[in-house]
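> Just one file: start29.tsv, with TSV, C-alpha atoms.
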```tsv
chain	number	residue	atom	x	y	z
P	1276	MET	CA	6.28	64.63	56.03
P	1277	LYS	CA	3.10	64.65	58.10
P	1278	ALA	CA	2.28	60.95	57.67
P	1279	ALA	CA	5.76	59.93	58.85
P	1280	ASP	CA	5.49	62.22	61.88
P	1281	LEU	CA	2.07	60.83	62.85
P	1282	LEU	CA	3.26	57.22	62.63
P	1283	ALA	CA	6.48	57.97	64.53
P	1284	GLU	CA	4.54	59.71	67.29
P	1285	ALA	CA	2.12	56.77	67.54
P	1286	ALA	CA	5.07	54.38	67.87
P	1287	ARG	CA	6.69	56.57	70.53
P	1288	THR	CA	3.58	57.16	72.65
P	1289	ARG	CA	1.86	53.84	71.90
P	1290	VAL	CA	-1.28	55.78	71.10
P	1291	ALA	CA	-2.60	54.86	67.67
P	1292	THR	CA	-3.20	57.50	65.02
P	1293	ALA	CA	-5.98	57.90	62.49
P	1294	PRO	CA	-5.40	56.38	59.03
P	1295	VAL	CA	-2.82	58.28	57.01
P	1296	ARG	CA	-4.23	57.42	53.58
P	1297	THR	CA	-6.02	60.77	53.39
P	1298	LEU	CA	-2.58	62.42	53.22
P	1299	PHE	CA	-1.71	60.66	49.94
P	1300	ALA	CA	-3.00	60.93	46.43
P	1301	THR	CA	-5.24	57.96	45.71
P	1302	ASP	CA	-3.20	54.75	45.84
P	1303	ASP	CA	0.16	56.59	45.74
P	1304	VAL	CA	2.26	53.59	46.71
P	1305	ASP	CA	5.57	55.33	45.99
P	1306	ALA	CA	4.68	58.09	48.45
P	1307	ALA	CA	3.76	55.48	51.06
P	1308	TYR	CA	7.11	53.73	50.66
P	1309	ALA	CA	8.82	57.12	50.96
P	1310	VAL	CA	7.09	57.60	54.33
P	1311	GLN	CA	8.23	54.14	55.38
P	1312	ARG	CA	11.81	55.03	54.42
P	1313	VAL	CA	11.73	58.26	56.45
P	1314	ASN	CA	10.88	56.44	59.67
P	1315	VAL	CA	13.29	53.56	59.03
P	1316	ASP	CA	16.06	56.11	58.46
P	1317	ARG	CA	15.10	57.84	61.70
P	1318	ARG	CA	15.48	54.58	63.59
P	1319	ILE	CA	18.84	53.90	61.97
P	1320	ALA	CA	20.01	57.42	62.87
P	1321	ALA	CA	19.00	56.67	66.48
P	1322	GLY	CA	21.19	53.55	66.53
P	1323	GLY	CA	18.95	50.93	64.93
P	1324	ARG	CA	20.52	48.18	62.85
P	1325	VAL	CA	18.86	46.69	59.77
P	1326	VAL	CA	18.89	42.87	59.82
P	1327	GLY	CA	16.60	42.06	56.91
P	1328	ARG	CA	13.23	42.50	55.26
P	1329	LYS	CA	9.71	41.22	55.66
P	1330	ILE	CA	7.14	40.47	53.02
P	1331	GLY	CA	3.59	41.24	54.04
P	1332	LEU	CA	0.18	40.31	52.71
P	1333	THR	CA	1.32	37.16	50.91
P	1334	SER	CA	-1.54	34.98	52.12
P	1335	LYS	CA	-4.99	35.38	50.55
P	1336	SER	CA	-6.51	34.78	53.99
P	1337	VAL	CA	-4.53	37.69	55.47
P	1338	GLN	CA	-5.39	39.90	52.51
P	1339	ARG	CA	-9.07	39.18	53.18
P	1340	GLN	CA	-8.59	39.89	56.89
P	1341	LEU	CA	-7.13	43.34	56.15
P	1342	GLY	CA	-9.05	44.25	53.02
P	1343	VAL	CA	-6.02	44.52	50.69
P	1344	ASP	CA	-5.13	42.72	47.48
P	1345	ARG	CA	-1.33	42.61	46.97
P	1346	PRO	CA	1.91	42.00	48.87
P	1347	ASP	CA	4.14	44.68	50.34
P	1348	PHE	CA	7.46	44.81	52.17
P	1349	GLY	CA	9.04	46.38	55.23
P	1350	THR	CA	12.38	46.56	57.02
P	1351	LEU	CA	13.45	44.43	59.99
P	1352	LEU	CA	15.64	45.97	62.67
P	1353	ALA	CA	17.63	44.15	65.34
P	1354	ASP	CA	15.49	45.48	68.19
P	1355	MET	CA	12.42	43.78	66.69
P	1356	ALA	CA	13.83	40.30	67.41
P	1357	VAL	CA	12.45	38.23	70.31
P	1358	PRO	CA	14.22	34.99	71.31
P	1359	ASP	CA	12.54	31.66	70.65
P	1360	SER	CA	10.32	30.86	73.67
P	1361	GLY	CA	10.81	34.45	74.84
P	1362	GLU	CA	8.19	36.75	76.30
P	1363	ILE	CA	6.89	40.05	74.92
P	1364	PRO	CA	6.57	42.71	77.64
P	1365	SER	CA	3.09	43.94	78.41
P	1366	GLY	CA	2.20	47.24	76.75
P	1367	LEU	CA	5.02	47.11	74.20
P	1368	LEU	CA	2.67	46.81	71.21
P	1369	LEU	CA	-0.62	48.50	70.33
P	1370	ALA	CA	-2.77	45.83	68.68
P	1371	PRO	CA	-0.64	42.74	68.01
P	1372	LYS	CA	-1.58	39.89	65.69
P	1373	VAL	CA	0.53	36.77	65.25
P	1374	GLU	CA	1.23	34.86	62.04
P	1375	ALA	CA	3.44	31.88	61.21
P	1376	GLU	CA	6.03	32.14	58.45
P	1377	VAL	CA	9.13	30.66	56.89
P	1378	ALA	CA	12.27	32.75	57.49
P	1379	LEU	CA	15.19	32.55	55.08
P	1380	VAL	CA	18.73	33.64	55.93
P	1381	LEU	CA	20.86	34.55	52.92
P	1382	SER	CA	24.49	33.64	52.31
P	1383	ARG	CA	24.82	35.87	49.25
P	1384	PRO	CA	23.11	39.04	48.00
P	1385	LEU	CA	20.11	39.21	45.66
P	1386	GLU	CA	20.18	42.51	43.84
P	1387	HIS	CA	18.78	42.04	40.34
P	1388	PRO	CA	15.28	42.41	38.87
P	1389	GLY	CA	13.87	39.24	37.39
P	1390	CYS	CA	15.05	37.18	40.36
P	1391	THR	CA	13.65	33.63	40.33
P	1392	ALA	CA	12.90	31.06	43.00
P	1393	ASP	CA	15.97	29.15	41.83
P	1394	ASP	CA	18.10	32.27	42.34
P	1395	VAL	CA	16.75	32.51	45.87
P	1396	LEU	CA	17.40	28.84	46.56
P	1397	ARG	CA	21.05	29.27	45.56
P	1398	ALA	CA	21.36	32.33	47.82
P	1399	VAL	CA	19.79	30.80	50.95
P	1400	ASP	CA	22.06	29.63	53.74
P	1401	PHE	CA	19.28	28.08	55.82
P	1402	ALA	CA	15.61	28.36	56.76
P	1403	LEU	CA	13.85	28.65	60.10
P	1404	PRO	CA	10.27	28.57	61.35
P	1405	ALA	CA	9.22	32.04	62.41
P	1406	LEU	CA	6.47	34.00	64.09
P	1407	GLU	CA	5.84	37.56	63.08
P	1408	ILE	CA	3.97	39.73	65.54
P	1409	VAL	CA	2.48	42.37	63.31
P	1410	ASP	CA	1.23	45.61	64.83
P	1411	SER	CA	-0.48	48.72	63.54
P	1412	ARG	CA	0.18	52.27	64.62
P	1413	ILE	CA	-3.19	53.05	62.99
P	1414	ALA	CA	-6.24	52.84	65.24
P	1415	ASP	CA	-8.40	49.71	65.08
P	1416	TRP	CA	-6.41	48.30	62.14
P	1417	ASP	CA	-8.44	50.62	59.91
P	1418	ILE	CA	-5.98	50.31	57.04
P	1419	ARG	CA	-5.79	50.26	53.29
P	1420	PHE	CA	-2.73	49.33	51.27
P	1421	VAL	CA	-0.95	52.70	51.53
P	1422	ASP	CA	-1.56	52.80	55.30
P	1423	THR	CA	0.25	49.54	55.96
P	1424	VAL	CA	3.05	50.34	53.49
P	1425	ALA	CA	3.69	53.70	55.18
P	1426	ASP	CA	3.62	51.94	58.57
P	1427	ASN	CA	6.62	49.76	57.62
P	1428	ALA	CA	4.30	46.99	56.43
P	1429	SER	CA	2.80	46.87	59.94
P	1430	CYS	CA	6.05	45.52	61.39
P	1431	GLY	CA	6.06	44.80	65.09
P	1432	LEU	CA	8.36	42.02	66.30
P	1433	PHE	CA	9.59	38.66	65.05
P	1434	VAL	CA	10.71	35.36	66.53
P	1435	LEU	CA	12.98	32.85	64.80
P	1436	GLY	CA	13.22	29.17	65.59
P	1437	SER	CA	16.39	27.87	67.15
P	1438	THR	CA	17.57	25.20	64.68
P	1439	PRO	CA	18.75	26.24	61.19
P	1440	VAL	CA	17.61	23.90	58.40
P	1441	PRO	CA	19.48	23.73	55.05
P	1442	LEU	CA	17.08	23.53	52.13
P	1443	THR	CA	18.66	20.49	50.47
P	1444	GLY	CA	15.77	18.14	49.79
P	1445	VAL	CA	13.21	20.42	51.49
P	1446	ASP	CA	10.08	21.36	49.55
P	1447	LEU	CA	8.88	24.58	51.16
P	1448	ARG	CA	5.78	24.75	48.96
P	1449	ALA	CA	4.54	21.50	50.47
P	1450	ALA	CA	5.44	22.43	54.04
P	1451	GLY	CA	2.43	22.31	56.34
P	1452	MET	CA	1.88	24.85	59.13
P	1453	GLU	CA	-0.18	24.74	62.29
P	1454	MET	CA	-0.24	27.56	64.85
P	1455	THR	CA	-1.75	27.31	68.31
P	1456	ARG	CA	-2.70	29.87	70.92
P	1457	ASN	CA	-2.69	28.48	74.45
P	1458	GLY	CA	-2.74	24.99	72.95
P	1459	ALA	CA	-5.74	25.48	70.65
P	1460	ARG	CA	-5.28	25.64	66.90
P	1461	VAL	CA	-5.93	29.12	65.50
P	1462	SER	CA	-4.27	28.96	62.07
P	1463	ALA	CA	-3.21	26.42	59.49
P	1464	GLY	CA	-1.84	26.55	55.97
P	1465	SER	CA	1.03	25.54	53.75
P	1466	GLY	CA	3.98	27.00	51.92
P	1467	ALA	CA	1.94	27.16	48.74
P	1468	ASP	CA	-0.37	29.67	50.45
P	1469	CYS	CA	2.50	32.21	50.49
P	1470	LEU	CA	2.55	33.66	46.95
P	1471	GLY	CA	2.88	30.12	45.63
P	1472	GLY	CA	5.80	29.31	47.92
P	1473	PRO	CA	8.27	31.06	50.26
P	1474	LEU	CA	11.02	31.02	47.61
P	1475	ASP	CA	8.63	32.62	45.11
P	1476	ALA	CA	7.75	35.26	47.69
P	1477	ALA	CA	11.42	36.02	48.31
P	1478	ALA	CA	12.01	36.25	44.54
P	1479	TRP	CA	9.17	38.79	44.33
P	1480	LEU	CA	10.80	40.80	47.12
P	1481	ALA	CA	14.28	40.73	45.59
P	1482	SER	CA	12.96	41.79	42.19
P	1483	THR	CA	10.79	44.53	43.67
P	1484	LEU	CA	13.66	45.93	45.72
P	1485	ALA	CA	16.00	45.82	42.72
P	1486	ARG	CA	13.55	47.86	40.66
P	1487	ARG	CA	13.65	50.43	43.46
P	1488	GLY	CA	17.45	50.55	43.43
P	1489	GLU	CA	17.81	48.42	46.58
P	1490	GLY	CA	18.61	44.78	47.24
P	1491	LEU	CA	18.91	41.96	49.72
P	1492	ARG	CA	22.31	41.53	51.37
P	1493	ALA	CA	24.29	38.50	52.45
P	1494	GLY	CA	23.25	37.73	56.02
P	1495	ASP	CA	19.80	39.26	55.66
P	1496	ILE	CA	16.80	37.62	57.32
P	1497	VAL	CA	13.80	37.44	55.00
P	1498	LEU	CA	10.41	36.82	56.56
P	1499	THR	CA	8.59	35.43	53.56
P	1500	GLY	CA	5.00	36.02	54.65
P	1501	ALA	CA	2.12	34.35	56.44
P	1502	LEU	CA	1.21	30.74	55.68
P	1503	GLY	CA	-2.27	31.16	57.16
P	1504	PRO	CA	-4.58	33.58	58.96
P	1505	MET	CA	-3.35	35.92	61.69
P	1506	SER	CA	-4.54	35.59	65.26
P	1507	PRO	CA	-4.76	38.45	67.79
P	1508	GLY	CA	-2.44	38.24	70.77
P	1509	ALA	CA	-3.36	39.29	74.29
P	1510	PRO	CA	-1.55	39.40	77.67
P	1511	GLY	CA	-0.93	35.89	78.94
P	1512	ASP	CA	-1.24	34.20	75.54
P	1513	VAL	CA	1.34	31.69	74.33
P	1514	PHE	CA	1.70	31.00	70.60
P	1515	GLU	CA	3.49	28.10	68.98
P	1516	ALA	CA	3.88	27.32	65.28
P	1517	ARG	CA	5.01	24.05	63.77
P	1518	ILE	CA	6.15	23.92	60.16
P	1519	SER	CA	6.86	20.50	58.71
P	1520	GLU	CA	10.55	19.88	58.02
P	1521	LEU	CA	11.53	23.11	59.80
P	1522	GLY	CA	10.40	22.47	63.38
P	1523	SER	CA	8.67	24.78	65.83
P	1524	VAL	CA	8.90	28.28	67.27
P	1525	ARG	CA	7.19	29.73	70.33
P	1526	VAL	CA	6.53	33.08	72.02
P	1527	GLY	CA	4.50	34.35	74.95
P	1528	PHE	CA	2.85	37.64	75.84
P	1529	ALA	CA	3.55	38.72	79.40
P	1530	PRO	CA	0.52	39.06	81.66
P	1531	GLU	CA	-0.62	42.59	82.39
P	1532	GLU	CA	1.09	44.19	85.36
P	1533	GLY	CA	-0.77	43.44	88.53
P	1534	SER	CA	-2.54	40.36	87.17
P	1535	PRO	CA	-2.08	37.07	89.06
```
As structure tokens, what does this structure read like?

Amino acid sequence: MKAADLLAEAARTRVATAPVRTLFATDDVDAAYAVQRVNVDRRIAAGGRVVGRKIGLTSKSVQRQLGVDRPDFGTLLADMAVPDSGEIPSGLLLAPKVEAEVALVLSRPLEHPGCTADDVLRAVDFALPALEIVDSRIADWDIRFVDTVADNASCGLFVLGSTPVPLTGVDLRAAGMEMTRNGARVSAGSGADCLGGPLDAAAWLASTLARRGEGLRAGDIVLTGALGPMSPGAPGDVFEARISELGSVRVGFAPEEGSP
């Protein structure tokens, strides 16, 4: 599949490719997800381990930033994880952007269509604040919906906070988020900005996967989507997000080699 090969080569060489949407029939979302599956399967065959799923494009502000109008999903692999307060090596990503999210870790599977927020709540072991570092293998972020779907929902890396929080008595819809870059605020929002709430977003994901013959597994990490606008990351930057009731999470971008 040419689109899968172009995206895989861009990931390998870290040289972005042209948009792949011209290789699909107009708005052929199923074909785009098939491309995504090809490259995920390639990574698994090379030793990658699936650890969960991400929901993309949940925030209206992010949809406006990227010119799309609906959510999508991608697959998280173990080698995408960066430790809390860790540092991302220079040159690892092509055009990173950072967004703050709520991560859910499941204690039981969710595998049926018609999943509700209450179903998700019963399946969640704990929540964590998270940063997703999205990236695009497509030059200049010149994407439409099928481009980002094919590109594994523009997955790059993710960072989870260090302290698990059970959801007893926690209202994720009301949770407030503030994200800073080098100490200055660059994004703010709330749980309600994420498809109505992180549990609602996860219910959308579980139902969507079930209709495709897939599901969420016990132990899966679910990145539920941005709570506010993305911010570009550059060498030397440090990002920190604080989400009320969940705490904070932090990551840095290593300076470019040779810089002081």
> When you draw a straight line from CA of Ala1476 in chain P to CA of Thr1301 in chain P, how long is it in Å?
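It comes out at 26.2 Å.
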> Write out as lines of an AutoDock Vina configuration file an axis-aligned box for range 1508-1521 of chain P: all of its atoms listed in the file, 5 Å added on each side, centre and edge lengths in Å with one decimal.

```
center_x = 4.1
center_y = 29.6
center_z = 68.5
size_x = 24.9
size_y = 29.5
size_z = 30.9
```
> Provide the CA of Pro1404 in chain P to CA of Val1445 in chain P distance in Å, to one decimal place.
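CA of Pro1404 in chain P sits 13.1 Å away from CA of Val1445 in chain P.
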> Ranking P:Ser1411, P:Ser1382, P:Asn1427, P:Thr1455 by minimum distance to Ala1293 in chain P and counting all atoms listed in the file, which one comes first?
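Among the listed residues, P:Ser1411 lies closest to Ala1293 in chain P.
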> Could I get the residues of range 1398-1514 of chain P with an atom no further than 6 Å from an atom of range 1307-1331 of chain P, each paired with its nearest atom pair and that distance in Å to one decimal, using only C-alpha atoms, sorted by chain and residue number, as a Markdown table?

```
| residue | atom | partner | partner_atom | distance |
| --- | --- | --- | --- | --- |
| P:Val1421 | CA | P:Ala1307 | CA | 5.5 |
| P:Val1424 | CA | P:Ala1307 | CA | 5.7 |
| P:Ala1425 | CA | P:Ala1307 | CA | 4.5 |
| P:Asn1427 | CA | P:Gln1311 | CA | 5.2 |
| P:Asp1495 | CA | P:Gly1327 | CA | 4.4 |
| P:Ile1496 | CA | P:Gly1327 | CA | 4.5 |
| P:Val1497 | CA | P:Arg1328 | CA | 5.1 |
| P:Leu1498 | CA | P:Lys1329 | CA | 4.5 |
| P:Thr1499 | CA | P:Ile1330 | CA | 5.3 |
| P:Gly1500 | CA | P:Ile1330 | CA | 5.2 |
```
> Quick one: pull the distance between CA of Leu1367 in chain P and CA of Phe1528 in chain P, Å, one decimal.
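Straight-line distance from CA of Leu1367 in chain P to CA of Phe1528 in chain P works out to 9.9 Å.
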> Restricting the calculation to all atoms listed in the file, which member of P:Val1395, P:Val1304, P:Ala1459, P:Ala1375 is positioned closest to Thr1423 in chain P?
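Closest residue, counting all atoms listed in the file: P:Val1304.
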> Contacts of Arg1383 in chain P at 10 Å or less, counting only C-alpha atoms, minus same-chain residues fewer than 3 places along, as a list in words?
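Final neighbour list, sorted by chain and number: Val1380, Glu1386, Val1395, Arg1397, Ala1398, Val1399, Asp1400, Leu1491, Arg1492, Ala1493, Gly1494 and Asp1495 of chain P.
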> Have a look at P:Leu1435, P:Val1377, P:Cys1390, P:Ala1414 and name the one nearest to Gly1472 in chain P; count all atoms listed in the file.
P:Val1377
> Enumerate, as a VMD selection string, the protein, DNA and RNA residues whose atoms approach (9.0, 30.0, 72.5) to within 8 Å, taking into account all atoms listed in the file and the coordinate frame of the file.
chain P and resid 1358 to 1362 1514 to 1515 1524 to 1527
> Pick the closest to Asp1475 in chain P from P:Ala1278, P:Ala1428, P:Leu1368, P:Leu1447: which is it, counting all atoms listed in the file?
P:Leu1447
> What residues have an atom no more than 10 Å from (1.6, 41.1, 79.9) in the file's own frame, counting only C-alpha atoms, and can you write them as a PyMOL selection string?
chain P and resi 1362-1367+1509-1512+1527-1534
> Counting all atoms listed in the file, which residue out of P:Ala1279, P:Val1440, P:Val1434, P:Ala1286 sits closest to Leu1379 in chain P?
P:Val1440
> Neighbours of Ser1519 in chain P within 8 Å (only C-alpha atoms; same-chain residues fewer than 2 positions away dropped), as a short mmCIF file (atom, residue, chain, number, x, y, z; two decimals) with C-alpha atoms, in the coordinates of the input?

```cif
data_model
loop_
_atom_site.label_atom_id
_atom_site.label_comp_id
_atom_site.auth_asym_id
_atom_site.auth_seq_id
_atom_site.Cartn_x
_atom_site.Cartn_y
_atom_site.Cartn_z
CA ALA P 1450 5.44 22.43 54.04
CA GLY P 1451 2.43 22.31 56.34
CA MET P 1452 1.88 24.85 59.13
CA ARG P 1517 5.01 24.05 63.77
CA LEU P 1521 11.53 23.11 59.80
CA GLY P 1522 10.40 22.47 63.38
#
```
> Name the closest residue to Asp1394 in chain P among the candidates P:Thr1292, P:Thr1297, P:Ser1523, P:Ser1482; distances are taken between atoms, counting all atoms listed in the file.
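Smallest distance to Asp1394 in chain P is found for P:Ser1482.
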> For range 1505-1528 of chain P, supply N, CA and C atoms and report the output as a PDB file, in the coordinates of the input.

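Heads up, here's the output in part_22.pdb:
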```
ATOM      1  N   MET P1505      -3.903  35.338  60.469  1.00  0.00           N
ATOM      2  CA  MET P1505      -3.350  35.920  61.690  1.00  0.00           C
ATOM      3  C   MET P1505      -4.287  35.641  62.859  1.00  0.00           C
ATOM      4  N   SER P1506      -3.734  35.723  64.057  1.00  0.00           N
ATOM      5  CA  SER P1506      -4.540  35.590  65.260  1.00  0.00           C
ATOM      6  C   SER P1506      -4.146  36.689  66.243  1.00  0.00           C
ATOM      7  N   PRO P1507      -5.121  37.405  66.835  1.00  0.00           N
ATOM      8  CA  PRO P1507      -4.760  38.450  67.790  1.00  0.00           C
ATOM      9  C   PRO P1507      -4.097  37.882  69.036  1.00  0.00           C
ATOM     10  N   GLY P1508      -3.135  38.639  69.563  1.00  0.00           N
ATOM     11  CA  GLY P1508      -2.440  38.240  70.770  1.00  0.00           C
ATOM     12  C   GLY P1508      -2.828  39.143  71.930  1.00  0.00           C
ATOM     13  N   ALA P1509      -2.957  38.551  73.104  1.00  0.00           N
ATOM     14  CA  ALA P1509      -3.360  39.290  74.290  1.00  0.00           C
ATOM     15  C   ALA P1509      -2.458  38.903  75.460  1.00  0.00           C
ATOM     16  N   PRO P1510      -2.380  39.744  76.506  1.00  0.00           N
ATOM     17  CA  PRO P1510      -1.550  39.400  77.670  1.00  0.00           C
ATOM     18  C   PRO P1510      -1.854  38.003  78.185  1.00  0.00           C
ATOM     19  N   GLY P1511      -0.796  37.249  78.435  1.00  0.00           N
ATOM     20  CA  GLY P1511      -0.930  35.890  78.940  1.00  0.00           C
ATOM     21  C   GLY P1511      -0.980  34.815  77.875  1.00  0.00           C
ATOM     22  N   ASP P1512      -1.171  35.194  76.623  1.00  0.00           N
ATOM     23  CA  ASP P1512      -1.240  34.200  75.540  1.00  0.00           C
ATOM     24  C   ASP P1512       0.137  33.609  75.241  1.00  0.00           C
ATOM     25  N   VAL P1513       0.133  32.360  74.817  1.00  0.00           N
ATOM     26  CA  VAL P1513       1.340  31.690  74.330  1.00  0.00           C
ATOM     27  C   VAL P1513       1.031  31.119  72.945  1.00  0.00           C
ATOM     28  N   PHE P1514       1.862  31.474  71.971  1.00  0.00           N
ATOM     29  CA  PHE P1514       1.700  31.000  70.600  1.00  0.00           C
ATOM     30  C   PHE P1514       2.841  30.047  70.244  1.00  0.00           C
ATOM     31  N   GLU P1515       2.486  29.011  69.498  1.00  0.00           N
ATOM     32  CA  GLU P1515       3.490  28.100  68.980  1.00  0.00           C
ATOM     33  C   GLU P1515       3.123  27.725  67.545  1.00  0.00           C
ATOM     34  N   ALA P1516       4.090  27.753  66.658  1.00  0.00           N
ATOM     35  CA  ALA P1516       3.880  27.320  65.280  1.00  0.00           C
ATOM     36  C   ALA P1516       4.788  26.151  64.985  1.00  0.00           C
ATOM     37  N   ARG P1517       4.230  25.183  64.258  1.00  0.00           N
ATOM     38  CA  ARG P1517       5.010  24.050  63.770  1.00  0.00           C
ATOM     39  C   ARG P1517       4.924  24.027  62.255  1.00  0.00           C
ATOM     40  N   ILE P1518       6.077  23.979  61.612  1.00  0.00           N
ATOM     41  CA  ILE P1518       6.150  23.920  60.160  1.00  0.00           C
ATOM     42  C   ILE P1518       6.905  22.655  59.791  1.00  0.00           C
ATOM     43  N   SER P1519       6.255  21.794  59.014  1.00  0.00           N
ATOM     44  CA  SER P1519       6.860  20.500  58.710  1.00  0.00           C
ATOM     45  C   SER P1519       8.220  20.689  58.051  1.00  0.00           C
ATOM     46  N   GLU P1520       9.151  19.893  58.470  1.00  0.00           N
ATOM     47  CA  GLU P1520      10.550  19.880  58.020  1.00  0.00           C
ATOM     48  C   GLU P1520      11.396  21.006  58.605  1.00  0.00           C
ATOM     49  N   LEU P1521      10.759  22.005  59.224  1.00  0.00           N
ATOM     50  CA  LEU P1521      11.530  23.110  59.800  1.00  0.00           C
ATOM     51  C   LEU P1521      11.478  23.128  61.324  1.00  0.00           C
ATOM     52  N   GLY P1522      10.482  22.490  61.928  1.00  0.00           N
ATOM     53  CA  GLY P1522      10.400  22.470  63.380  1.00  0.00           C
ATOM     54  C   GLY P1522       9.416  23.479  63.921  1.00  0.00           C
ATOM     55  N   SER P1523       9.642  23.940  65.146  1.00  0.00           N
ATOM     56  CA  SER P1523       8.670  24.780  65.830  1.00  0.00           C
ATOM     57  C   SER P1523       9.323  26.047  66.375  1.00  0.00           C
ATOM     58  N   VAL P1524       8.462  27.010  66.699  1.00  0.00           N
ATOM     59  CA  VAL P1524       8.900  28.280  67.270  1.00  0.00           C
ATOM     60  C   VAL P1524       7.776  28.746  68.201  1.00  0.00           C
ATOM     61  N   ARG P1525       8.161  29.442  69.268  1.00  0.00           N
ATOM     62  CA  ARG P1525       7.190  29.730  70.330  1.00  0.00           C
ATOM     63  C   ARG P1525       7.455  31.116  70.902  1.00  0.00           C
ATOM     64  N   VAL P1526       6.396  31.795  71.338  1.00  0.00           N
ATOM     65  CA  VAL P1526       6.530  33.080  72.020  1.00  0.00           C
ATOM     66  C   VAL P1526       5.340  33.286  72.946  1.00  0.00           C
ATOM     67  N   GLY P1527       5.568  34.024  74.024  1.00  0.00           N
ATOM     68  CA  GLY P1527       4.500  34.350  74.950  1.00  0.00           C
ATOM     69  C   GLY P1527       4.329  35.854  75.095  1.00  0.00           C
ATOM     70  N   PHE P1528       3.129  36.251  75.487  1.00  0.00           N
ATOM     71  CA  PHE P1528       2.850  37.640  75.840  1.00  0.00           C
ATOM     72  C   PHE P1528       2.763  37.718  77.364  1.00  0.00           C
TER      73      PHE P1528
END
```
